[in-house]
Amino acid sequence: QVQLVESGGGLVQAGASLRLSCAASGRTFSSYVMGWFRQAPGKEREFVAAIKWSGGSTYYADSVKGRFTISRDNTKNTVYLQMNSLSPEETAVYYCAADWPLSPPRSSWSQRVGSWGQGTQVTVSS
């Protein structure tokens with residue numbers, strides 16, 4: 001199993017940007033996919049973005065398309081999430097995730113993740 005460590009969360013104002021990082025370790029890095037989910041207080045964990053290590057195909061939740069960008073650095077075993085134009089409604093704990101099948105429905109992805117990070121808090125003030 002791969003270990004994931006997130007960083008980069010914090011408190012920002014509405015409209016600001018943040019970049020989250022997720023460093024993976026623990027075994028020869030052969031994860032099929034990595035990505036980000038988020039969970040707001042009282043809500044279910046939801047998919048945000050994902051990237052395939054081979055080929056770099058990306059996937060986004062409709063709510064973040066055009067504002068968030070997921071990328072990877074294979075040499076550092078690190079995945080990034082650049083978040084722009086943040087809104088208060090996006091206040092949540094953001095979790096890095098690895099290894100889940102990308103078959104639909106997307107609503108099932110959070111239950112099929114193989115490895116989770118500990119999460120990093122993102123707070124967007126109005």
# chains A, B, ... in the order shown; residues from 1 in each chain; ligands from 1
>>> residues_around(residues="A:Val48", least_positions_apart="6", cutoff="6 Å", atoms="only C-alpha atoms", output="PyMOL selection string")
chain A and resi 36-37+60-61
>>> select_by_dssp(residues="chain A", states="alpha helix (DSSP H)", output="VMD selection string")
chain A and resid 109 to 112
>>> atom_distance(atom1="atom CA of A:Val5", atom2="atom CA of A:Gly119")
7.9 Å
>>> atom_distance(atom1="atom CA of A:Ser115", atom2="atom CA of A:Pro88")
27.6 Å
>>> closest_residue(among="A:Leu86, A:Ile70, A:Leu20, A:Ala50", to="A:Val33", atoms="only C-alpha atoms")
A:Ala50
>>> select_by_dssp(residues="chain A", states="strand (DSSP E or B)", output="JSON, numbers by chain")
{"A": [3, 4, 5, 6, 7, 10, 11, 12, 13, 18, 19, 20, 21, 22, 23, 24, 25, 33, 34, 35, 36, 37, 38, 39, 46, 47, 48, 49, 50, 51, 52, 58, 59, 60, 68, 69, 70, 71, 72, 73, 78, 79, 80, 81, 82, 83, 92, 93, 94, 95, 96, 97, 98, 115, 116, 120, 121, 122, 123, 124, 125]}
>>> atom_distance(atom1="atom CA of A:Asn74", atom2="atom CA of A:Ala97")
15.8 Å
>>> closest_residue(among="A:Gln13, A:Gln118, A:Ser25, A:Thr123", to="A:Thr78", atoms="only C-alpha atoms")
A:Ser25
>>> residues_around(residues="A:Tyr80", least_positions_apart="4", cutoff="10 Å", atoms="only C-alpha atoms", output="JSON, numbers by chain")
{"A": [6, 7, 8, 19, 20, 21, 22, 23, 34, 35, 36, 51, 69, 70, 71, 72, 73, 96]}
>>> closest_residue(among="A:Arg112, A:Tyr95, A:Glu44, A:Ser17", to="A:Leu4", atoms="only C-alpha atoms")
A:Tyr95
>>> closest_residue(among="A:Ser87, A:Ser126, A:Thr58, A:Gln121", to="A:Pro41", atoms="only C-alpha atoms")
A:Gln121
>>> residues_around(residues="A:Glu46", least_positions_apart="3", cutoff="7 Å", atoms="only C-alpha atoms", output="ChimeraX atom specification")
/A:37-39,110
>>> closest_residue(among="A:Val64, A:Gly56, A:Phe47, A:Thr75", to="A:Pro105", atoms="only C-alpha atoms")
A:Phe47
>>> closest_residue(among="A:Gly9, A:Arg67, A:Val122, A:Arg45", to="A:Ser107", atoms="only C-alpha atoms")
A:Arg45
